[in-house]
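Containing PDB, C-alpha atoms: query25.pdb.
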ATOM      1  CA  MET A 490     129.575 -17.776 -84.727
ATOM      2  CA  LYS A 491     130.591 -14.151 -84.143
ATOM      3  CA  ASN A 492     131.582 -14.953 -80.537
ATOM      4  CA  TYR A 493     133.681 -17.893 -81.745
ATOM      5  CA  PHE A 494     135.711 -15.630 -84.044
ATOM      6  CA  LEU A 495     136.171 -13.036 -81.302
ATOM      7  CA  LEU A 496     137.395 -15.738 -78.918
ATOM      8  CA  LEU A 497     139.740 -17.147 -81.578
ATOM      9  CA  LEU A 498     141.110 -13.660 -82.278
ATOM     10  CA  LEU A 499     141.675 -13.108 -78.548
ATOM     11  CA  VAL A 500     143.540 -16.425 -78.177
ATOM     12  CA  ILE A 501     145.738 -15.760 -81.222
ATOM     13  CA  THR A 502     146.502 -12.231 -80.006
ATOM     14  CA  ALA A 503     147.352 -13.421 -76.483
ATOM     15  CA  TRP A 504     149.572 -16.178 -77.877
ATOM     16  CA  GLY A 505     151.440 -13.663 -80.017
ATOM     17  CA  TYR A 506     152.130 -11.468 -76.984
ATOM     18  CA  SER A 507     153.171 -14.230 -74.619
ATOM     19  CA  GLN A 508     156.822 -13.987 -73.709
ATOM     20  CA  GLN A 509     159.328 -16.482 -72.477
ATOM     21  CA  ILE A 510     161.314 -15.854 -69.333
ATOM     22  CA  GLU A 511     165.056 -15.843 -69.916
ATOM     23  CA  TYR A 512     167.103 -17.002 -66.922
ATOM     24  CA  ILE A 513     170.571 -15.451 -66.673
ATOM     25  CA  ASN A 514     173.245 -17.440 -64.843
ATOM     26  CA  SER A 515     176.990 -17.337 -65.430
ATOM     27  CA  THR A 516     179.059 -20.484 -65.165
ATOM     28  CA  GLU A 517     180.475 -19.155 -61.879
ATOM     29  CA  HIS A 518     177.000 -18.552 -60.479
ATOM     30  CA  ARG A 519     175.820 -22.046 -61.459
ATOM     31  CA  ALA A 520     178.897 -23.579 -59.801
ATOM     32  CA  LYS A 521     177.877 -22.003 -56.471
ATOM     33  CA  ASN A 522     174.582 -23.929 -56.616
ATOM     34  CA  ARG A 523     172.531 -20.989 -55.348
ATOM     35  CA  PRO A 524     168.715 -21.261 -55.274
ATOM     36  CA  PHE A 525     168.150 -18.205 -57.495
ATOM     37  CA  SER A 526     169.116 -16.776 -60.877
ATOM     38  CA  GLN A 527     171.404 -13.786 -61.195
ATOM     39  CA  ALA A 528     168.704 -12.156 -63.291
ATOM     40  CA  THR A 529     165.634 -12.876 -65.346
ATOM     41  CA  VAL A 530     164.501 -11.069 -68.478
ATOM     42  CA  VAL A 531     160.895 -10.636 -69.587
ATOM     43  CA  ASN A 532     159.886  -8.355 -72.471
ATOM     44  CA  ASN A 533     163.415  -6.865 -72.484
ATOM     45  CA  ILE A 534     163.107  -5.847 -68.837
ATOM     46  CA  ILE A 535     165.999  -7.123 -66.722
ATOM     47  CA  TYR A 536     165.181  -8.058 -63.139
ATOM     48  CA  LEU A 537     168.468  -8.351 -61.246
ATOM     49  CA  SER A 538     168.593 -10.391 -58.069
ATOM     50  CA  GLY A 539     169.784  -8.521 -55.004
ATOM     51  CA  GLN A 540     173.491  -7.782 -55.034
ATOM     52  CA  ILE A 541     175.777  -7.481 -52.034
ATOM     53  CA  GLY A 542     179.304  -6.095 -51.978
ATOM     54  CA  THR A 543     181.182  -9.241 -52.852
ATOM     55  CA  LEU A 544     184.574  -9.255 -54.510
ATOM     56  CA  PRO A 545     185.307 -11.593 -57.450
ATOM     57  CA  ASN A 546     186.546 -14.227 -54.961
ATOM     58  CA  GLY A 547     183.100 -14.236 -53.276
ATOM     59  CA  GLU A 548     184.183 -12.503 -50.069
ATOM     60  CA  LEU A 549     182.371  -9.456 -48.749
ATOM     61  CA  ILE A 550     184.428  -6.297 -49.220
ATOM     62  CA  GLN A 551     185.675  -4.687 -46.013
ATOM     63  CA  GLY A 552     185.388  -0.972 -45.243
ATOM     64  CA  GLY A 553     181.798  -0.354 -44.236
ATOM     65  CA  ILE A 554     178.723   0.931 -46.013
ATOM     66  CA  GLU A 555     180.544   3.163 -48.517
ATOM     67  CA  ALA A 556     182.857   0.372 -49.686
ATOM     68  CA  GLU A 557     179.942  -2.082 -49.902
ATOM     69  CA  THR A 558     177.805   0.382 -51.860
ATOM     70  CA  LYS A 559     180.590   1.046 -54.365
ATOM     71  CA  GLN A 560     181.276  -2.684 -54.818
ATOM     72  CA  ILE A 561     177.566  -3.458 -55.231
ATOM     73  CA  MET A 562     177.193  -0.796 -57.899
ATOM     74  CA  MET A 563     180.289  -2.099 -59.700
ATOM     75  CA  ASN A 564     178.815  -5.623 -59.575
ATOM     76  CA  ILE A 565     175.488  -4.347 -60.947
ATOM     77  CA  LYS A 566     177.276  -2.401 -63.700
ATOM     78  CA  SER A 567     179.274  -5.477 -64.722
ATOM     79  CA  LEU A 568     176.250  -7.769 -64.746
ATOM     80  CA  LEU A 569     174.164  -5.306 -66.765
ATOM     81  CA  GLU A 570     176.933  -4.843 -69.319
ATOM     82  CA  SER A 571     177.161  -8.619 -69.748
ATOM     83  CA  MET A 572     173.464  -8.505 -70.675
ATOM     84  CA  ASP A 573     173.594  -5.709 -73.292
ATOM     85  CA  SER A 574     172.496  -3.004 -70.872
ATOM     86  CA  ASN A 575     174.097  -0.421 -68.596
ATOM     87  CA  LEU A 576     173.439   1.729 -65.554
ATOM     88  CA  GLY A 577     171.803   4.359 -67.762
ATOM     89  CA  GLN A 578     169.034   1.838 -68.489
ATOM     90  CA  VAL A 579     168.193   1.235 -64.796
ATOM     91  CA  PHE A 580     164.753   2.595 -63.934
ATOM     92  CA  LYS A 581     164.087   1.173 -60.437
ATOM     93  CA  CYS A 582     166.251   0.106 -57.491
ATOM     94  CA  THR A 583     165.396  -1.286 -54.083
ATOM     95  CA  CYS A 584     167.974  -0.834 -51.321
ATOM     96  CA  MET A 585     167.867  -2.975 -48.189
ATOM     97  CA  LEU A 586     170.065  -1.651 -45.400
ATOM     98  CA  GLU A 587     171.034  -3.474 -42.244
ATOM     99  CA  ASP A 588     170.821  -0.110 -40.439
ATOM    100  CA  ILE A 589     168.702   2.712 -41.895
ATOM    101  CA  LYS A 590     171.099   5.186 -40.244
ATOM    102  CA  ASP A 591     173.536   4.287 -43.047
ATOM    103  CA  TRP A 592     171.113   5.695 -45.638
ATOM    104  CA  PRO A 593     172.905   9.071 -46.141
ATOM    105  CA  LYS A 594     176.336   7.464 -46.680
ATOM    106  CA  MET A 595     174.908   4.767 -48.958
ATOM    107  CA  SER A 596     172.912   7.303 -50.928
ATOM    108  CA  ALA A 597     175.921   9.570 -51.500
ATOM    109  CA  VAL A 598     177.973   6.748 -53.063
ATOM    110  CA  TYR A 599     174.985   5.279 -54.966
ATOM    111  CA  ALA A 600     174.205   8.634 -56.624
ATOM    112  CA  THR A 601     177.690   8.861 -58.170
ATOM    113  CA  PHE A 602     176.825   5.954 -60.486
ATOM    114  CA  PHE A 603     173.893   7.692 -62.204
ATOM    115  CA  ASP A 604     173.248  10.751 -64.351
ATOM    116  CA  LYS A 605     171.874  13.395 -61.977
ATOM    117  CA  GLU A 606     169.128  14.229 -64.485
ATOM    118  CA  LYS A 607     168.028  10.594 -64.941
ATOM    119  CA  LEU A 608     168.020   8.987 -61.513
ATOM    120  CA  PRO A 609     166.073   5.716 -61.229
ATOM    121  CA  ALA A 610     163.052   5.455 -58.969
ATOM    122  CA  ARG A 611     164.195   4.005 -55.648
ATOM    123  CA  SER A 612     162.937   2.510 -52.414
ATOM    124  CA  ALA A 613     165.026   1.922 -49.311
ATOM    125  CA  PHE A 614     164.246   0.162 -46.083
ATOM    126  CA  ALA A 615     165.952  -1.430 -43.103
ATOM    127  CA  GLY A 616     166.279  -5.179 -42.937
ATOM    128  CA  SER A 617     168.274  -7.696 -40.980
ATOM    129  CA  GLY A 618     170.081 -10.916 -41.704
ATOM    130  CA  LEU A 619     171.518  -9.977 -45.105
ATOM    131  CA  ALA A 620     173.754 -12.612 -46.720
ATOM    132  CA  LEU A 621     177.352 -12.824 -45.476
ATOM    133  CA  GLY A 622     176.596 -10.206 -42.805
ATOM    134  CA  ALA A 623     176.363  -7.480 -45.463
ATOM    135  CA  LYS A 624     175.290  -3.987 -44.524
ATOM    136  CA  LEU A 625     173.451  -3.467 -47.827
ATOM    137  CA  GLU A 626     171.738  -5.327 -50.658
ATOM    138  CA  ILE A 627     170.490  -3.643 -53.838
ATOM    139  CA  GLU A 628     168.232  -5.090 -56.514
ATOM    140  CA  CYS A 629     167.260  -3.265 -59.660
ATOM    141  CA  MET A 630     165.326  -3.355 -62.899
ATOM    142  CA  ALA A 631     166.686  -2.144 -66.223
ATOM    143  CA  VAL A 632     165.831  -2.133 -69.903
ATOM    144  CA  ARG A 633     167.784  -4.376 -72.270
ATOM    145  CA  THR A 634     168.134  -3.125 -75.789
ATOM    146  CA  PRO A 635     166.517  -5.688 -78.095
ATOM    147  CA  ASN A 636     168.872  -7.350 -80.580
TER     148      ASN A 636
END
Could you write out this structure as structure tokens?
Amino acid sequence: MKNYFLLLLLVITAWGYSQQIEYINSTEHRAKNRPFSQATVVNNIIYLSGQIGTLPNGELIQGGIEAETKQIMMNIKSLLESMDSNLGQVFKCTCMLEDIKDWPKMSAVYATFFDKEKLPARSAFAGSGLALGAKLEIECMAVRTPN
């Protein structure tokens, strides 16, 4: 009987802590029929899909790694703000570069978007075949302030 109550308590506790996944997709994103969500949220942690340096019209910005990095960070900022968060709540980023030699230029622009005392953890690596021929893709995780 004691084991039954312990099992019941465990099930009730686990059920109380289970969380739903929230899928974030703007009307514009849905219209593009892409096979991924812009972001998902679990336990008030935002998981942003990788962002490339696209302009509002969907075209990749011209100007090289610095221009792409700036546009990506502006896109991330905008998306986070639409989800009750901001760049100050980002705690982890992953940067995928077409050419790892672009790391210093990318890093210099990227750093201007964060408080120098509260930089997110970050990984960077070289990859190939990024969408639209992009030189860079960045994904990140951030905290969303609970309502």
Long-range neighbours of region 555-563 of chain A as a VMD selection string, 7 Å cut-off, only C-alpha atoms, 6 positions minimum in chain: chain A and resid 540 to 543 594 to 595 598 to 599 625
Local residues around (167.4, -8.8, -66.9), at most 9 Å away, using all atoms listed in the file, as a count of residues only: 20
Nearest candidate to Glu626 (chain A) (options A:Pro545, A:Gly539, A:Pro609, A:Pro524; using all atoms listed in the file): A:Gly539
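The nearest approach to Thr583 (chain A) among the residues A:Ser596, A:Thr601, A:Asn522, A:Gln508, with only C-alpha atoms taken into account, belongs to A:Ser596.
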Residue nearest Asp573 (chain A) - candidates A:Ser526, A:Arg611, A:Thr634, A:Glu587, atoms counted: only C-alpha atoms: A:Thr634
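For the pair CA of Val579 (chain A) and CA of Asn532 (chain A), the separation is 14.8 Å.
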Distance of CA of Phe580 (chain A) from CA of Gly622 (chain A), expressed in Å to one decimal place: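 These atoms are spaced 27.4 Å apart.
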Interatomic distance, CA of Leu608 (chain A) to CA of Ser515 (chain A) (Å, one decimal):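 Spanning CA of Leu608 (chain A) to CA of Ser515 (chain A) is a straight-line distance of 28.1 Å.
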Can you report as JSON the centre and edge lengths in Å, to one decimal, of an axis-aligned box around the listed atoms of region 531-537 of chain A padded with 6 Å on each side?
{"center_x": 164.2, "center_y": -8.2, "center_z": -66.9, "size_x": 20.6, "size_y": 16.8, "size_z": 23.2}
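Distances to Gly553 (chain A) were evaluated for A:Phe525, A:Asp591, A:Phe603, A:Phe614 using only C-alpha atoms, and the minimum falls at A:Asp591.
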Residue nearest Leu621 (chain A) - candidates A:Asn514, A:Gln551, A:Asn575, A:Ser567, atoms counted: all atoms listed in the file: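 Using all atoms listed in the file, the shortest distance to Leu621 (chain A) belongs to A:Gln551.
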Nearest residue to Lys607 (chain A) from the set A:Cys584, A:Ile510, A:Ala620, A:Leu576 (distances using all atoms listed in the file):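 Ranking A:Cys584, A:Ile510, A:Ala620, A:Leu576 by distance to Lys607 (chain A), first place goes to A:Leu576.
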